[in-house]
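Dumped data.cif below, it's mmCIF, C-alpha atoms (C1' of nucleotides):
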```cif
data_input
loop_
_atom_site.label_atom_id
_atom_site.label_comp_id
_atom_site.auth_asym_id
_atom_site.auth_seq_id
_atom_site.Cartn_x
_atom_site.Cartn_y
_atom_site.Cartn_z
CA MET N 6 -39.69 41.48 -6.91
CA GLY N 7 -37.00 42.81 -9.23
CA ARG N 8 -33.47 42.52 -7.97
CA GLY N 9 -32.29 41.05 -4.70
CA ARG N 10 -32.99 37.78 -2.96
CA ALA N 11 -35.81 35.54 -4.08
CA ALA N 12 -39.08 36.01 -2.26
CA ASN N 13 -38.77 32.62 -0.61
CA TYR N 14 -35.10 32.92 0.32
CA ASP N 15 -35.87 33.43 3.98
CA ASP N 16 -38.46 30.68 3.89
CA GLN N 17 -35.86 28.30 2.52
CA ARG N 18 -33.40 29.28 5.23
CA GLU N 19 -36.00 28.59 7.88
CA MET N 20 -37.00 25.25 6.37
CA ILE N 21 -33.35 24.17 6.31
CA LEU N 22 -32.85 25.22 9.93
CA ASP N 23 -35.86 23.21 10.98
CA ARG N 24 -34.84 20.00 9.25
CA ALA N 25 -31.21 20.34 10.32
CA ALA N 26 -32.27 20.87 13.94
CA ALA N 27 -34.29 17.66 13.83
CA LEU N 28 -31.32 15.68 12.50
CA PHE N 29 -28.78 17.27 14.84
CA ALA N 30 -31.04 16.66 17.84
CA GLN N 31 -31.39 13.01 16.92
CA ARG N 32 -27.85 12.05 15.89
CA GLY N 33 -25.74 14.97 17.08
CA SER N 34 -24.25 17.51 14.68
CA ALA N 35 -20.97 15.57 14.43
CA GLY N 36 -22.94 12.45 13.61
CA THR N 37 -24.94 14.13 10.85
CA SER N 38 -23.48 14.72 7.38
CA MET N 39 -24.31 17.70 5.24
CA ASN N 40 -25.47 15.16 2.65
CA GLN N 41 -28.10 13.97 5.13
CA VAL N 42 -29.18 17.53 5.82
CA ALA N 43 -29.43 18.25 2.10
CA GLU N 44 -31.42 15.09 1.50
CA ALA N 45 -33.82 15.88 4.35
CA CYS N 46 -34.36 19.29 2.75
CA GLY N 47 -34.90 17.93 -0.75
CA LEU N 48 -31.94 19.98 -1.94
CA SER N 49 -28.62 19.21 -3.52
CA LYS N 50 -25.67 19.74 -1.25
CA ALA N 51 -24.51 22.61 -3.45
CA THR N 52 -27.84 24.34 -2.96
CA LEU N 53 -27.64 23.75 0.78
CA TYR N 54 -24.23 25.45 0.76
CA HIS N 55 -25.78 28.35 -1.09
CA TYR N 56 -27.91 29.07 1.97
CA TYR N 57 -25.43 28.31 4.75
CA THR N 58 -21.66 28.52 4.48
CA ASP N 59 -21.01 25.37 6.52
CA LYS N 60 -22.30 23.03 9.20
CA ASP N 61 -21.24 25.31 12.04
CA ALA N 62 -23.34 28.10 10.57
CA LEU N 63 -26.35 25.80 10.84
CA VAL N 64 -25.59 24.88 14.44
CA ALA N 65 -25.02 28.54 15.34
CA SER N 66 -28.22 29.77 13.66
CA ILE N 67 -30.32 27.07 15.31
CA ALA N 68 -28.92 27.89 18.74
CA GLN N 69 -29.05 31.65 18.33
CA GLY N 70 -32.68 31.67 17.22
CA HIS N 71 -33.64 29.62 20.26
CA VAL N 72 -31.67 31.55 22.84
CA ALA N 73 -32.89 34.85 21.35
CA ARG N 74 -36.42 33.76 22.21
CA LEU N 75 -35.27 32.94 25.74
CA GLN N 76 -33.78 36.44 26.01
CA GLU N 77 -37.09 37.90 24.89
CA ILE N 78 -38.96 35.89 27.52
CA VAL N 79 -36.65 37.14 30.27
CA ARG N 80 -36.82 40.77 29.14
CA GLU N 81 -40.60 40.73 29.02
CA ALA N 82 -40.84 38.99 32.40
CA LEU N 83 -38.54 41.51 34.07
CA ALA N 84 -40.57 44.37 32.60
CA LEU N 85 -43.88 43.10 33.96
CA GLU N 86 -45.15 45.32 36.75
CA GLY N 87 -47.04 44.50 39.90
CA LEU N 88 -45.64 41.03 40.40
CA THR N 89 -44.11 39.68 43.58
CA PRO N 90 -40.69 38.05 43.08
CA ASP N 91 -42.34 34.70 43.68
CA GLU N 92 -44.96 35.34 41.00
CA ARG N 93 -42.32 36.62 38.58
CA MET N 94 -40.27 33.49 39.11
CA ARG N 95 -43.24 31.23 38.51
CA HIS N 96 -44.05 33.14 35.35
CA MET N 97 -40.49 32.91 34.06
CA ILE N 98 -40.20 29.17 34.70
CA ARG N 99 -43.50 28.54 32.99
CA GLN N 100 -42.48 30.59 29.94
CA LEU N 101 -39.11 28.87 29.80
CA VAL N 102 -40.63 25.39 29.89
CA ASP N 103 -43.12 26.39 27.19
CA GLU N 104 -40.37 27.65 24.91
CA TYR N 105 -38.30 24.53 25.49
CA ALA N 106 -41.30 22.36 24.67
CA ASN N 107 -41.87 24.34 21.45
CA ALA N 108 -38.25 24.14 20.40
CA GLN N 109 -37.01 20.80 21.63
CA ASN N 110 -34.70 20.18 18.70
CA ALA N 111 -33.13 23.62 18.91
CA HIS N 112 -32.81 23.20 22.65
CA ARG N 113 -30.89 19.98 22.29
CA VAL N 114 -28.57 21.62 19.77
CA LEU N 115 -28.04 24.51 22.19
CA THR N 116 -27.17 22.28 25.13
CA GLU N 117 -25.14 19.63 23.28
CA ASP N 118 -23.60 21.01 20.11
CA VAL N 119 -22.79 24.68 20.76
CA ARG N 120 -19.74 23.65 22.74
CA PHE N 121 -18.13 22.31 19.55
CA LEU N 122 -18.36 25.64 17.71
CA GLN N 123 -15.37 27.87 17.04
CA PRO N 124 -14.61 30.01 20.13
CA GLU N 125 -15.78 33.28 18.55
CA VAL N 126 -19.22 32.06 17.52
CA ARG N 127 -19.59 30.01 20.67
CA GLU N 128 -18.88 33.03 22.85
CA ARG N 129 -21.60 35.00 21.08
CA VAL N 130 -24.14 32.32 21.95
CA LEU N 131 -22.83 32.02 25.50
CA ASP N 132 -23.20 35.79 25.92
CA GLN N 133 -26.87 35.45 25.00
CA GLU N 134 -27.22 32.62 27.47
CA ARG N 135 -25.57 34.68 30.18
CA GLU N 136 -28.25 37.33 29.85
CA VAL N 137 -30.93 34.70 30.36
CA VAL N 138 -29.13 33.30 33.40
CA ALA N 139 -28.60 36.82 34.78
CA GLY N 140 -32.34 37.54 34.51
CA PHE N 141 -33.23 34.49 36.57
CA ALA N 142 -30.40 35.17 39.01
CA GLN N 143 -31.71 38.69 39.53
CA VAL N 144 -35.12 37.47 40.68
CA ILE N 145 -33.54 34.78 42.85
CA GLY N 146 -31.39 37.49 44.43
CA THR N 147 -34.54 39.42 45.29
CA LEU N 148 -36.01 36.36 46.96
CA ARG N 149 -32.88 35.62 48.99
CA PRO N 150 -30.55 38.64 49.26
CA ASP N 151 -28.31 36.73 51.66
CA LEU N 152 -27.65 34.04 49.06
CA LYS N 153 -26.96 36.71 46.50
CA ALA N 154 -24.39 38.18 48.88
CA ALA N 155 -22.84 34.72 49.17
CA ALA N 156 -22.50 34.62 45.34
CA LEU N 157 -25.03 31.82 45.13
CA SER N 158 -27.60 33.45 42.82
CA LYS N 159 -25.98 32.16 39.66
CA PRO N 160 -25.13 28.68 40.94
CA LEU N 161 -28.74 28.37 42.11
CA THR N 162 -29.96 29.53 38.71
CA MET N 163 -27.83 26.87 37.11
CA LEU N 164 -29.36 24.22 39.37
CA LEU N 165 -32.81 25.36 38.21
CA PHE N 166 -31.70 25.20 34.58
CA GLY N 167 -30.24 21.78 35.26
CA MET N 168 -33.60 20.44 36.39
CA ILE N 169 -35.39 21.86 33.37
CA ASN N 170 -32.73 21.05 30.79
CA TRP N 171 -32.42 17.51 32.05
CA MET N 172 -36.20 17.13 32.03
CA PHE N 173 -36.15 17.49 28.29
CA THR N 174 -33.63 14.70 27.88
CA TRP N 175 -35.59 12.03 29.75
CA MET N 176 -39.25 12.94 29.28
CA ARG N 177 -40.98 11.48 26.28
CA PRO N 178 -43.84 13.76 25.24
CA GLU N 179 -46.17 10.75 25.11
CA GLY N 180 -45.20 9.62 28.61
CA PRO N 181 -47.42 9.64 31.71
CA MET N 182 -46.00 12.99 32.88
CA ASP N 183 -46.04 15.93 30.50
CA TYR N 184 -44.17 19.22 30.56
CA ASP N 185 -47.32 21.02 31.61
CA ALA N 186 -47.64 18.85 34.69
CA MET N 187 -43.94 19.04 35.51
CA ALA N 188 -43.64 22.84 35.38
CA PRO N 189 -45.41 23.43 38.72
CA VAL N 190 -43.50 20.55 40.34
CA VAL N 191 -40.22 22.15 39.29
CA THR N 192 -41.40 25.54 40.47
CA ASP N 193 -42.60 24.29 43.86
CA LEU N 194 -39.42 22.30 44.38
CA PHE N 195 -37.17 25.20 43.50
CA LEU N 196 -39.01 27.98 45.31
CA GLY N 197 -39.66 25.78 48.31
CA GLY N 198 -36.07 24.63 48.42
CA LEU N 199 -34.76 28.15 48.07
CA GLY N 200 -35.98 28.89 51.58
CA ALA N 201 -34.00 25.96 52.97
CA VAL N 202 -30.65 26.73 51.37
CA GLN N 203 -28.06 28.03 53.80
CA ALA N 204 -25.35 30.43 52.79
CA PRO N 205 -22.05 28.72 53.57
CA GLY N 206 -21.01 29.52 57.13
CA ALA N 207 -24.17 31.54 57.80
CA GLN N 208 -27.29 31.04 59.91
CA PRO N 209 -30.44 29.84 58.14
CA PRO N 210 -32.90 32.65 57.33
CA SER N 211 -35.63 33.37 59.84
CA MET U 18 2.47 -16.80 33.24
CA GLY U 19 2.59 -19.21 30.30
CA ARG U 20 -0.14 -18.87 27.73
CA GLY U 21 -3.04 -16.47 27.71
CA ARG U 22 -3.21 -12.71 27.86
CA ALA U 23 -0.16 -10.60 28.58
CA ALA U 24 0.33 -9.63 32.21
CA ASN U 25 -0.45 -6.02 31.42
CA TYR U 26 -3.43 -6.72 29.19
CA ASP U 27 -5.89 -5.36 31.73
CA ASP U 28 -3.64 -2.41 32.47
CA GLN U 29 -3.57 -1.56 28.77
CA ARG U 30 -7.36 -1.80 28.55
CA GLU U 31 -7.69 0.58 31.47
CA MET U 32 -5.15 3.02 30.08
CA ILE U 33 -6.99 3.07 26.75
CA LEU U 34 -10.33 3.60 28.47
CA ASP U 35 -8.91 6.54 30.39
CA ARG U 36 -7.42 8.31 27.37
CA ALA U 37 -10.46 7.61 25.23
CA ALA U 38 -12.77 8.99 27.92
CA ALA U 39 -10.75 12.21 28.02
CA LEU U 40 -11.02 12.64 24.24
CA PHE U 41 -14.69 11.68 24.06
CA ALA U 42 -15.52 14.07 26.90
CA GLN U 43 -13.76 16.91 25.12
CA ARG U 44 -14.83 16.44 21.50
CA GLY U 45 -17.68 13.95 21.74
CA SER U 46 -17.33 10.35 20.59
CA ALA U 47 -18.61 11.16 17.09
CA GLY U 48 -16.08 13.99 16.84
CA THR U 49 -13.17 11.77 17.87
CA SER U 50 -11.51 9.42 15.40
CA MET U 51 -10.04 6.08 16.37
CA ASN U 52 -6.77 7.38 14.95
CA GLN U 53 -6.82 10.12 17.58
CA VAL U 54 -7.52 7.60 20.31
CA ALA U 55 -4.67 5.39 19.11
CA GLU U 56 -2.29 8.33 19.00
CA ALA U 57 -3.26 9.48 22.50
CA CYS U 58 -2.51 5.95 23.71
CA GLY U 59 0.81 5.71 21.89
CA LEU U 60 -0.56 2.73 19.95
CA SER U 61 -1.17 1.96 16.33
CA LYS U 62 -4.78 1.86 15.28
CA ALA U 63 -4.47 -1.88 14.67
CA THR U 64 -3.22 -2.42 18.22
CA LEU U 65 -6.07 -0.35 19.60
CA TYR U 66 -8.48 -2.61 17.72
CA HIS U 67 -6.77 -5.56 19.36
CA TYR U 68 -8.04 -4.35 22.73
CA TYR U 69 -11.49 -3.08 21.75
CA THR U 70 -13.56 -4.24 18.80
CA ASP U 71 -14.79 -0.78 17.85
CA LYS U 72 -15.54 2.74 19.03
CA ASP U 73 -18.89 1.75 20.52
CA ALA U 74 -17.13 -0.84 22.71
CA LEU U 75 -15.01 1.97 24.14
CA VAL U 76 -18.04 4.16 24.81
CA ALA U 77 -19.93 1.26 26.38
CA SER U 78 -17.03 0.21 28.63
CA ILE U 79 -16.44 3.76 29.82
CA ALA U 80 -20.10 4.24 30.64
CA GLN U 81 -20.58 0.81 32.24
CA GLY U 82 -17.61 1.17 34.55
CA HIS U 83 -18.90 4.51 35.78
CA VAL U 84 -22.51 3.49 36.28
CA ALA U 85 -21.41 0.26 38.01
CA ARG U 86 -19.74 2.42 40.65
CA LEU U 87 -22.97 4.40 41.00
CA GLN U 88 -24.88 1.16 41.52
CA GLU U 89 -22.43 0.16 44.24
CA ILE U 90 -22.90 3.50 45.98
CA VAL U 91 -26.66 3.09 45.99
CA ARG U 92 -26.54 -0.51 47.22
CA GLU U 93 -24.24 0.37 50.07
CA ALA U 94 -26.28 3.43 51.03
CA LEU U 95 -29.52 1.45 51.11
CA ALA U 96 -27.86 -1.20 53.29
CA LEU U 97 -26.67 1.28 55.93
CA GLU U 98 -28.61 0.89 59.16
CA GLY U 99 -29.76 3.44 61.67
CA LEU U 100 -30.15 6.35 59.26
CA THR U 101 -33.20 8.55 58.93
CA PRO U 102 -34.43 8.93 55.33
CA ASP U 103 -33.13 12.49 55.40
CA GLU U 104 -29.66 11.36 56.49
CA ARG U 105 -29.63 8.56 53.93
CA MET U 106 -30.53 11.02 51.19
CA ARG U 107 -27.77 13.41 52.22
CA HIS U 108 -25.30 10.56 52.25
CA MET U 109 -26.34 9.34 48.80
CA ILE U 110 -26.13 12.79 47.21
CA ARG U 111 -22.70 13.35 48.73
CA GLN U 112 -21.43 9.99 47.47
CA LEU U 113 -22.89 10.63 44.03
CA VAL U 114 -21.26 14.03 43.70
CA ASP U 115 -17.94 12.57 44.85
CA GLU U 116 -18.08 9.81 42.25
CA TYR U 117 -19.02 12.30 39.51
CA ALA U 118 -16.11 14.51 40.51
CA ASN U 119 -13.74 11.52 40.35
CA ALA U 120 -15.00 10.39 36.98
CA GLN U 121 -15.91 13.54 35.09
CA ASN U 122 -14.87 12.24 31.69
CA ALA U 123 -16.74 8.98 32.10
CA HIS U 124 -19.72 10.91 33.38
CA ARG U 125 -19.83 13.09 30.30
CA VAL U 126 -19.63 10.02 28.08
CA LEU U 127 -22.48 8.45 30.06
CA THR U 128 -24.75 11.48 29.72
CA GLU U 129 -23.90 12.48 26.16
CA ASP U 130 -22.69 9.53 24.12
CA VAL U 131 -24.53 6.47 25.42
CA ARG U 132 -27.62 7.51 23.50
CA PHE U 133 -25.80 6.87 20.21
CA LEU U 134 -25.01 3.23 21.04
CA GLN U 135 -26.80 0.32 19.41
CA PRO U 136 -30.12 -0.37 21.19
CA GLU U 137 -28.98 -3.62 22.79
CA VAL U 138 -25.85 -2.20 24.45
CA ARG U 139 -27.59 1.05 25.28
CA GLU U 140 -30.39 -0.79 27.05
CA ARG U 141 -27.88 -2.64 29.22
CA VAL U 142 -26.43 0.68 30.40
CA LEU U 143 -29.89 2.17 30.86
CA ASP U 144 -30.87 -0.82 33.00
CA GLN U 145 -27.92 -0.07 35.27
CA GLU U 146 -28.96 3.57 35.42
CA ARG U 147 -32.50 2.57 36.28
CA GLU U 148 -31.31 0.75 39.38
CA VAL U 149 -29.52 3.90 40.53
CA VAL U 150 -32.59 6.02 39.91
CA ALA U 151 -34.81 3.47 41.67
CA GLY U 152 -32.59 3.62 44.76
CA PHE U 153 -32.94 7.37 45.05
CA ALA U 154 -36.65 7.19 44.24
CA GLN U 155 -37.12 4.69 47.06
CA VAL U 156 -35.72 7.06 49.66
CA ILE U 157 -37.70 9.97 48.24
CA GLY U 158 -40.81 7.83 48.48
CA THR U 159 -40.09 7.28 52.16
CA LEU U 160 -39.81 11.02 52.70
CA ARG U 161 -43.03 11.82 50.86
CA PRO U 162 -45.33 8.79 50.51
CA ASP U 163 -48.05 10.99 49.03
CA LEU U 164 -45.77 11.99 46.14
CA LYS U 165 -44.83 8.36 45.62
CA ALA U 166 -48.53 7.55 45.39
CA ALA U 167 -48.83 10.30 42.76
CA ALA U 168 -46.06 8.59 40.73
CA LEU U 169 -43.74 11.52 41.36
CA SER U 170 -40.83 9.70 43.03
CA LYS U 171 -39.03 9.03 39.78
CA PRO U 172 -39.68 12.42 38.15
CA LEU U 173 -38.39 14.06 41.33
CA THR U 174 -35.32 11.83 41.28
CA MET U 175 -34.71 12.91 37.70
CA LEU U 176 -34.93 16.58 38.73
CA LEU U 177 -32.28 15.90 41.38
CA PHE U 178 -30.09 14.16 38.83
CA GLY U 179 -30.66 17.08 36.47
CA MET U 180 -29.25 19.53 38.99
CA ILE U 181 -26.20 17.39 39.64
CA ASN U 182 -25.57 16.30 36.06
CA TRP U 183 -25.89 19.85 34.81
CA MET U 184 -23.58 21.08 37.57
CA PHE U 185 -20.79 19.09 35.99
CA THR U 186 -21.30 20.73 32.62
CA TRP U 187 -20.96 24.32 33.81
CA MET U 188 -18.67 24.18 36.85
CA ARG U 189 -14.97 24.51 36.20
CA PRO U 190 -13.04 22.77 38.97
CA GLU U 191 -10.85 25.87 39.34
CA GLY U 192 -13.89 28.17 39.67
CA PRO U 193 -14.98 30.05 42.81
CA MET U 194 -17.50 27.33 43.72
CA ASP U 195 -16.33 23.75 43.98
CA TYR U 196 -18.24 20.51 44.02
CA ASP U 197 -17.64 20.15 47.72
CA ALA U 198 -19.32 23.49 48.40
CA MET U 199 -22.17 22.79 46.01
CA ALA U 200 -23.15 19.38 47.38
CA PRO U 201 -24.84 20.77 50.54
CA VAL U 202 -26.53 23.52 48.48
CA VAL U 203 -28.02 20.90 46.19
CA THR U 204 -29.04 18.77 49.15
CA ASP U 205 -30.67 21.64 51.03
CA LEU U 206 -32.46 22.84 47.93
CA PHE U 207 -33.78 19.40 47.09
CA LEU U 208 -34.77 18.23 50.56
CA GLY U 209 -36.18 21.64 51.43
CA GLY U 210 -38.10 21.82 48.17
CA LEU U 211 -39.45 18.31 48.57
CA GLY U 212 -41.60 19.54 51.44
CA ALA U 213 -43.14 22.20 49.21
CA VAL U 214 -44.08 20.03 46.25
CA GLN U 215 -47.78 19.37 45.92
CA ALA U 216 -49.15 16.19 44.44
CA PRO U 217 -51.31 17.24 41.46
CA GLY U 218 -54.85 17.86 42.62
CA ALA U 219 -54.00 17.17 46.26
CA GLN U 220 -53.66 19.24 49.40
CA PRO U 221 -50.17 20.17 50.54
CA PRO U 222 -48.81 18.00 53.37
CA SER U 223 -49.31 19.14 56.91
"C1'" DC C 2 1.92 -5.22 17.63
"C1'" DC C 3 2.84 -3.02 12.61
"C1'" DT C 4 2.49 -1.54 7.56
"C1'" DA C 5 -0.30 -1.44 4.13
"C1'" DC C 6 -4.38 -0.94 2.52
"C1'" DC C 7 -9.95 -1.42 1.41
"C1'" DG C 8 -14.77 0.52 0.19
"C1'" DA C 9 -17.40 4.43 1.49
"C1'" DT C 10 -18.13 8.58 2.67
"C1'" DC C 11 -16.72 13.00 4.64
"C1'" DG C 12 -17.15 18.46 4.20
"C1'" DG C 13 -16.75 21.47 0.69
"C1'" DT C 14 -16.37 23.45 -4.28
"C1'" DA C 15 -15.63 23.31 -9.34
"C1'" DG C 16 -17.69 24.94 -14.06
"C1'" DG C 17 -21.73 26.37 -16.35
"C1'" DC K 30 -23.79 41.48 -12.92
"C1'" DC K 31 -26.99 38.92 -10.03
"C1'" DT K 32 -29.64 34.80 -7.89
"C1'" DA K 33 -30.64 30.15 -7.58
"C1'" DC K 34 -29.57 26.02 -8.42
"C1'" DC K 35 -27.49 21.47 -10.96
"C1'" DG K 36 -24.47 17.08 -11.81
"C1'" DA K 37 -20.09 15.78 -10.92
"C1'" DT K 38 -16.17 15.52 -8.50
"C1'" DC K 39 -12.32 17.52 -5.60
"C1'" DG K 40 -8.51 16.25 -1.89
"C1'" DG K 41 -8.53 13.88 2.46
"C1'" DT K 42 -9.96 10.89 6.01
"C1'" DA K 43 -13.27 7.88 8.31
"C1'" DG K 44 -13.81 3.06 10.64
"C1'" DG K 45 -12.17 -1.30 10.14
#
```

Please express the file's structure as structure tokens.
Amino acid sequence: MGRGRAANYDDQREMILDRAAALFAQRGSAGTSMNQVAEACGLSKATLYHYYTDKDALVASIAQGHVARLQEIVREALALEGLTPDERMRHMIRQLVDEYANAQNAHRVLTEDVRFLQPEVRERVLDQEREVVAGFAQVIGTLRPDLKAAALSKPLTMLLFGMINWMFTWMRPEGPMDYDAMAPVVTDLFLGGLGAVQAPGAQPPS
Amino acid sequence: MGRGRAANYDDQREMILDRAAALFAQRGSAGTSMNQVAEACGLSKATLYHYYTDKDALVASIAQGHVARLQEIVREALALEGLTPDERMRHMIRQLVDEYANAQNAHRVLTEDVRFLQPEVRERVLDQEREVVAGFAQVIGTLRPDLKAAALSKPLTMLLFGMINWMFTWMRPEGPMDYDAMAPVVTDLFLGGLGAVQAPGAQPPS
DNA sequence: CCTACCGATCGGTAGG
DNA sequence: CCTACCGATCGGTAGG
């Protein structure tokens, strides 16, 4: 390869991210020492610090990689043509649940540890999250323009995210219900309920 | 008073619990040192340890006090007579949101830090939580017996809890929406959506 | 209710 | 002048 980074530099970075995410998801990032991360990676701590400047860099990279995939899902879903808003919403929820299921450790880090990052890094991750929320809110606004006018699109999006995020804290993958079975339940509940929500001080929709 | 605990022993315990809950909610229990707790209480670390044996005892007491109030809410709501299931559900959600709003720090500790407790203590808290969940699931089962038969009462309860729990992570009390305004939105969404959920492999209800 | 400490481990970095 | 690492240890602080 000549000069520059080793061929497996990026592979090492990814391996570290994976193992760190598993530890952080289990014990929390504050409850995990860099020694434990190094040990789980089969590296000395000095080598670990060669790849990532500090613990926050690990937390940030784990979260950013995950939320970047969520952004991609939303962008692709909004670009799909010939879908009714209802169909688009179903598609987006399904894709979201699939990504969460594929990245459970990263998802836990995103929802529980990002808030402890330095403001600057944290804001960058939150900006990514805002785009994801905005994508969902946009479709919800199409389904219920009156709720959008009442500034309820984003709160409703957050309620949807609450159901799904929380799902991944209480469901054990080996349990009687699996994510695949829950996705349509969540979708039916949310889309069905959306028709029943009343804008504050307004008449229910016809 | 003679022998025994000081007159203000219980007051001190409560004061400590309050300050500790505020710190734990802000930085996480793993990210908070007992020195910080002692300082926030205006006590030496040794005095703090006179009131609580260790950090886990603080976390457990904070969580147990909060979930005990949730249990009380559920018991009272189930004992109310002359309510339709729909009315009972609305009442329970409203009471739940009110208690969460009154105990936001304790609520954060319950949802984020209890999982790091030793199994024995954690199970005691989880048993309390299970009673709360069972109460909601019971009313949901009355509203949709077919979903209860499909073992969906508890998953649906967890989706409701997800919306509400998550609400308290993203809403700032000074924001445009407040908990009071969100409670009916959550209730409408959930009760409205409940009618749209299909039991897996079954026909939708008439 | 305090000062004075402990064994151990923390996150992070030195020289080579 | 660079990278990829190592064994050893830094100054401070953790829970108790």

Running the PyMOL selection byres ((chain U) within 12 of (chain K)) on this model by hand, what would come out? Give it as a PDB file with C-alpha atoms, in the frame of the given file.
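result_20.pdb written:
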```pdb
ATOM      1  CA  ALA U  47     -18.610  11.160  17.090  1.00  0.00           C
ATOM      2  CA  GLY U  48     -16.080  13.990  16.840  1.00  0.00           C
ATOM      3  CA  THR U  49     -13.170  11.770  17.870  1.00  0.00           C
ATOM      4  CA  SER U  50     -11.510   9.420  15.400  1.00  0.00           C
ATOM      5  CA  MET U  51     -10.040   6.080  16.370  1.00  0.00           C
ATOM      6  CA  ASN U  52      -6.770   7.380  14.950  1.00  0.00           C
ATOM      7  CA  GLN U  53      -6.820  10.120  17.580  1.00  0.00           C
ATOM      8  CA  LYS U  62      -4.780   1.860  15.280  1.00  0.00           C
ATOM      9  CA  ALA U  63      -4.470  -1.880  14.670  1.00  0.00           C
ATOM     10  CA  LEU U  65      -6.070  -0.350  19.600  1.00  0.00           C
ATOM     11  CA  TYR U  66      -8.480  -2.610  17.720  1.00  0.00           C
ATOM     12  CA  HIS U  67      -6.770  -5.560  19.360  1.00  0.00           C
ATOM     13  CA  TYR U  69     -11.490  -3.080  21.750  1.00  0.00           C
ATOM     14  CA  THR U  70     -13.560  -4.240  18.800  1.00  0.00           C
ATOM     15  CA  ASP U  71     -14.790  -0.780  17.850  1.00  0.00           C
ATOM     16  CA  LYS U  72     -15.540   2.740  19.030  1.00  0.00           C
ATOM     17  CA  ASP U  73     -18.890   1.750  20.520  1.00  0.00           C
TER      18      ASP U  73
END
```

Do you have, as a Markdown table, the list of residues of chain N lying at most 6 Å from chain U, each with its nearest atom pair and that distance in Å to one decimal, counting only C-alpha atoms and ordered by chain then number?
```
| residue | atom | partner | partner_atom | distance |
| --- | --- | --- | --- | --- |
| N:Ala35 | CA | U:Ala47 | CA | 5.7 |
| N:Gly36 | CA | U:Ala47 | CA | 5.7 |
| N:Leu164 | CA | U:Met180 | CA | 4.7 |
| N:Gly167 | CA | U:Met180 | CA | 4.5 |
| N:Met168 | CA | U:Gly179 | CA | 4.5 |
| N:Trp171 | CA | U:Gly179 | CA | 4.8 |
| N:Val190 | CA | U:Val214 | CA | 6.0 |
| N:Asp193 | CA | U:Val214 | CA | 5.1 |
| N:Leu194 | CA | U:Gly210 | CA | 4.0 |
| N:Phe195 | CA | U:Gly210 | CA | 5.8 |
| N:Gly197 | CA | U:Gly210 | CA | 4.3 |
| N:Gly198 | CA | U:Gly210 | CA | 3.5 |
| N:Leu199 | CA | U:Leu206 | CA | 5.8 |
| N:Ala201 | CA | U:Gly209 | CA | 5.1 |
| N:Val202 | CA | U:Asp205 | CA | 5.1 |
```

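In terms of minimum interatomic distance to Ala118 in chain U, U:His83 ranks closest within U:Leu95, U:Leu60, U:His83, U:Arg161, counting only C-alpha atoms.
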
Gap from CA of Tyr196 in chain U to CA of Arg127 in chain N - Å, one decimal: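 Atom-to-atom, CA of Tyr196 in chain U and CA of Arg127 in chain N are spaced 25.2 Å apart.
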
Could you write out as JSON the box around range 39-45 of chain N (axis-aligned, all atoms listed in the file, 8 Å on each side), with centre and edge lengths in Å to one decimal?
```
{"center_x": -29.1, "center_y": 16.1, "center_z": 3.7, "size_x": 25.5, "size_y": 20.3, "size_z": 20.3}
```

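Between CA of Glu134 in chain N and CA of Val72 in chain N the separation is 6.5 Å.
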
Explicit residues for the PyMOL selection byres ((chain U and resi 110) around 9) (as a list in words):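 Applying the PyMOL selection byres ((chain U and resi 110) around 9) to the structure shown produces Arg105, Met106, Arg107, His108, Met109, Arg111, Gln112, Leu113, Val114, Asp115, Phe153, Ile181, Ala200, Pro201, Val203 and Thr204 of chain U.
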
Distance of CA of Val42 in chain N from CA of Arg24 in chain N, expressed in Å to one decimal place: 7.1 Å

Near-Val142 in chain U list (8 Å; all atoms listed in the file; drop same-chain fewer than 2 positions) as a ChimeraX atom specification: /U:77,80-81,84,131,138-140,144-146

Write out N, CA and C atoms for range 136-143 of chain U, as a PDB file, in the frame of the given file.
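Below you can see selection.pdb, which holds the result:
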```pdb
ATOM      1  N   PRO U 136     -29.068  -0.189  20.179  1.00  0.00           N
ATOM      2  CA  PRO U 136     -30.120  -0.370  21.190  1.00  0.00           C
ATOM      3  C   PRO U 136     -29.793  -1.410  22.248  1.00  0.00           C
ATOM      4  N   GLU U 137     -29.221  -2.543  21.838  1.00  0.00           N
ATOM      5  CA  GLU U 137     -28.980  -3.620  22.790  1.00  0.00           C
ATOM      6  C   GLU U 137     -27.988  -3.208  23.894  1.00  0.00           C
ATOM      7  N   VAL U 138     -26.862  -2.644  23.487  1.00  0.00           N
ATOM      8  CA  VAL U 138     -25.850  -2.200  24.450  1.00  0.00           C
ATOM      9  C   VAL U 138     -26.389  -1.039  25.271  1.00  0.00           C
ATOM     10  N   ARG U 139     -27.048  -0.125  24.587  1.00  0.00           N
ATOM     11  CA  ARG U 139     -27.590   1.050  25.280  1.00  0.00           C
ATOM     12  C   ARG U 139     -28.561   0.625  26.375  1.00  0.00           C
ATOM     13  N   GLU U 140     -29.410  -0.343  26.065  1.00  0.00           N
ATOM     14  CA  GLU U 140     -30.390  -0.790  27.050  1.00  0.00           C
ATOM     15  C   GLU U 140     -29.720  -1.388  28.286  1.00  0.00           C
ATOM     16  N   ARG U 141     -28.603  -2.066  28.072  1.00  0.00           N
ATOM     17  CA  ARG U 141     -27.880  -2.640  29.220  1.00  0.00           C
ATOM     18  C   ARG U 141     -27.404  -1.526  30.155  1.00  0.00           C
ATOM     19  N   VAL U 142     -26.872  -0.458  29.578  1.00  0.00           N
ATOM     20  CA  VAL U 142     -26.430   0.680  30.400  1.00  0.00           C
ATOM     21  C   VAL U 142     -27.640   1.350  31.056  1.00  0.00           C
ATOM     22  N   LEU U 143     -28.701   1.512  30.294  1.00  0.00           N
ATOM     23  CA  LEU U 143     -29.890   2.170  30.860  1.00  0.00           C
ATOM     24  C   LEU U 143     -30.484   1.357  32.001  1.00  0.00           C
TER      25      LEU U 143
END
```
